[in-house]
Amino acid sequence: MNDAAERLQSTAGRMGLAMDEADRCLSSDGLNELPRARRSGLGRRAFSVLREPMFLLLGGASALYLLLGDAGEALVLAASVFVVVGITLYQAGKSERALDALRDLSTPQASVVRDGAPIRIEARRVVVGDVIVLSEGDRVPADARLIECTRLGVDESLLTGEALVVDKQAEPGAIVGDQIRIDHVYSGTLVVHGHAVAEVVATGAP
């Protein structure tokens, strides 16, 4: 660790929330994560699948066979439709579970100061008032106001669509674009170079 990073770590060590205070904030404010899309029920998913043109065509063909008096063909065709729908629903459920598991495995980490010492925690457990320590390659865990920084450059293309690295400063600066502040870092953006200490001002969904 270079001298600048060590100095920022030392600055951070004199600040930060107490563990019990952070736990209270987490209980009252909730986790620092976007709400997950609510899963649709089995009936709704089945109805959505059955509305597909292929299944409507097969269902129509089955009804036509029944009207023509060929009950055997109608039943075979209807059974094949139900089998395919069942397989489709099973695969959809399996894919959702796999995505949830992958999301949990890829939970980012954040370096925060608790009880005066830097520790690593899950980014979703960061709370308002936390002091975070940022280094090159870190993903910013939450919107935060810079307390101190050294040559801090952040990729904010996630917010602005522009690939240019934005140089940050701890002193209050101008607002750039859509309420993007020079003295703030924003959740999900990437630290390209430099080091910083910042205080979290917002977590979770905007």
# chains A, B, ... in the order shown; residues from 1 in each chain; ligands from 1

call {"tool": "residues_around", "arguments": {"residues": "stretch 132-142 of chain A", "least_positions_apart": "4", "cutoff": "8 Å", "atoms": "only C-alpha atoms", "output": "PyMOL selection string"}}
result
chain A and resi 5+8-9+12+32+108-113+118+123-124+126+185-204

call {"tool": "write_last_selection", "arguments": {"atoms": "C-alpha atoms", "output": "mmCIF file, in the first residue's frame"}}
result
data_model
loop_
_atom_site.group_PDB
_atom_site.id
_atom_site.type_symbol
_atom_site.label_atom_id
_atom_site.label_comp_id
_atom_site.auth_asym_id
_atom_site.auth_seq_id
_atom_site.Cartn_x
_atom_site.Cartn_y
_atom_site.Cartn_z
ATOM 1 C CA ALA A 5 -3.508 4.997 0.672
ATOM 2 C CA LEU A 8 -6.404 7.767 3.910
ATOM 3 C CA GLN A 9 -6.722 4.536 5.875
ATOM 4 C CA ALA A 12 -10.736 6.627 8.082
ATOM 5 C CA ASN A 32 -28.523 -1.573 0.344
ATOM 6 C CA PRO A 108 -19.868 -7.248 -4.131
ATOM 7 C CA GLN A 109 -17.819 -6.384 -1.075
ATOM 8 C CA ALA A 110 -17.173 -2.960 0.455
ATOM 9 C CA SER A 111 -14.488 -1.635 2.789
ATOM 10 C CA VAL A 112 -16.151 0.337 5.595
ATOM 11 C CA VAL A 113 -15.043 1.740 8.925
ATOM 12 C CA PRO A 118 -11.642 -0.728 8.318
ATOM 13 C CA ALA A 123 -22.024 -4.052 -0.054
ATOM 14 C CA ARG A 124 -25.710 -4.658 0.596
ATOM 15 C CA VAL A 126 -23.693 -0.671 3.914
ATOM 16 C CA VAL A 185 -19.325 9.202 -5.884
ATOM 17 C CA TYR A 186 -22.293 7.131 -6.967
ATOM 18 C CA SER A 187 -23.448 3.570 -6.440
ATOM 19 C CA GLY A 188 -22.310 1.127 -9.111
ATOM 20 C CA THR A 189 -19.617 3.357 -10.604
ATOM 21 C CA LEU A 190 -16.026 2.105 -10.831
ATOM 22 C CA VAL A 191 -12.889 3.579 -9.273
ATOM 23 C CA VAL A 192 -10.330 3.695 -12.093
ATOM 24 C CA HIS A 193 -7.439 5.213 -10.162
ATOM 25 C CA GLY A 194 -6.651 6.843 -6.854
ATOM 26 C CA HIS A 195 -7.922 6.395 -3.309
ATOM 27 C CA ALA A 196 -10.676 8.017 -1.271
ATOM 28 C CA VAL A 197 -12.602 8.104 1.969
ATOM 29 C CA ALA A 198 -16.295 8.965 1.673
ATOM 30 C CA GLU A 199 -19.425 9.119 3.817
ATOM 31 C CA VAL A 200 -22.502 7.266 2.551
ATOM 32 C CA VAL A 201 -25.478 9.573 1.999
ATOM 33 C CA ALA A 202 -27.965 7.214 0.325
ATOM 34 C CA THR A 203 -28.488 3.472 0.002
ATOM 35 C CA GLY A 204 -30.858 1.134 -1.791
#

call {"tool": "select_by_dssp", "arguments": {"residues": "chain A", "states": "strand (DSSP E)", "output": "PyMOL selection string"}}
result
chain A and resi 109-114+117-122+131-134+143-155+165-167+175-176+180-181+184-185+190-202

call {"tool": "select_by_dssp", "arguments": {"residues": "stretch 59-189 of chain A", "states": "alpha helix (DSSP H)", "output": "PyMOL selection string"}}
result
chain A and resi 59-67+71-105+157-160

call {"tool": "closest_residue", "arguments": {"among": "A:Val127, A:Ile180, A:Ala46, A:Leu31", "to": "A:Val84", "atoms": "only C-alpha atoms"}}
result
A:Ala46

call {"tool": "residues_around", "arguments": {"residues": "stretch 62-71 of chain A", "least_positions_apart": "6", "cutoff": "12 Å", "atoms": "only C-alpha atoms", "output": "VMD selection string"}}
result
chain A and resid 55 to 56 77 to 82

call {"tool": "write_last_selection", "arguments": {"atoms": "N, CA and C atoms", "output": "mmCIF file, in the first residue's frame"}}
result
data_model
loop_
_atom_site.group_PDB
_atom_site.id
_atom_site.type_symbol
_atom_site.label_atom_id
_atom_site.label_comp_id
_atom_site.auth_asym_id
_atom_site.auth_seq_id
_atom_site.Cartn_x
_atom_site.Cartn_y
_atom_site.Cartn_z
ATOM 1 N N PHE A 55 -48.540 -22.752 -29.249
ATOM 2 C CA PHE A 55 -49.457 -23.499 -28.391
ATOM 3 C C PHE A 55 -50.913 -23.218 -28.751
ATOM 4 N N LEU A 56 -51.203 -21.998 -29.175
ATOM 5 C CA LEU A 56 -52.562 -21.692 -29.630
ATOM 6 C C LEU A 56 -52.912 -22.499 -30.870
ATOM 7 N N LEU A 77 -52.714 -34.997 -29.107
ATOM 8 C CA LEU A 77 -52.204 -33.660 -29.364
ATOM 9 C C LEU A 77 -52.294 -32.784 -28.114
ATOM 10 N N ALA A 78 -53.401 -32.884 -27.381
ATOM 11 C CA ALA A 78 -53.555 -32.102 -26.157
ATOM 12 C C ALA A 78 -52.523 -32.527 -25.112
ATOM 13 N N ALA A 79 -52.279 -33.855 -25.009
ATOM 14 C CA ALA A 79 -51.285 -34.344 -24.055
ATOM 15 C C ALA A 79 -49.892 -33.829 -24.395
ATOM 16 N N SER A 80 -49.568 -33.807 -25.689
ATOM 17 C CA SER A 80 -48.252 -33.296 -26.084
ATOM 18 C C SER A 80 -48.109 -31.817 -25.739
ATOM 19 N N VAL A 81 -49.212 -31.071 -25.888
ATOM 20 C CA VAL A 81 -49.177 -29.650 -25.524
ATOM 21 C C VAL A 81 -48.880 -29.495 -24.037
ATOM 22 N N PHE A 82 -49.572 -30.266 -23.183
ATOM 23 C CA PHE A 82 -49.362 -30.156 -21.736
ATOM 24 C C PHE A 82 -47.953 -30.574 -21.332
#

call {"tool": "atom_distance", "arguments": {"atom1": "atom CA of A:Ala170", "atom2": "atom CA of A:Thr150"}}
result
9.0 Å

call {"tool": "closest_residue", "arguments": {"among": "A:Thr88, A:Gly30, A:Leu75, A:Asp20", "to": "A:Leu50", "atoms": "only C-alpha atoms"}}
result
A:Thr88

call {"tool": "atom_distance", "arguments": {"atom1": "atom CA of A:Glu171", "atom2": "atom CA of A:Val154"}}
result
15.9 Å

call {"tool": "closest_residue", "arguments": {"among": "A:Leu58, A:Glu21, A:Arg125, A:Thr160", "to": "A:Glu33", "atoms": "only C-alpha atoms"}}
result
A:Arg125

call {"tool": "atom_distance", "arguments": {"atom1": "atom CA of A:Arg120", "atom2": "atom CA of A:Leu34"}}
result
20.5 Å
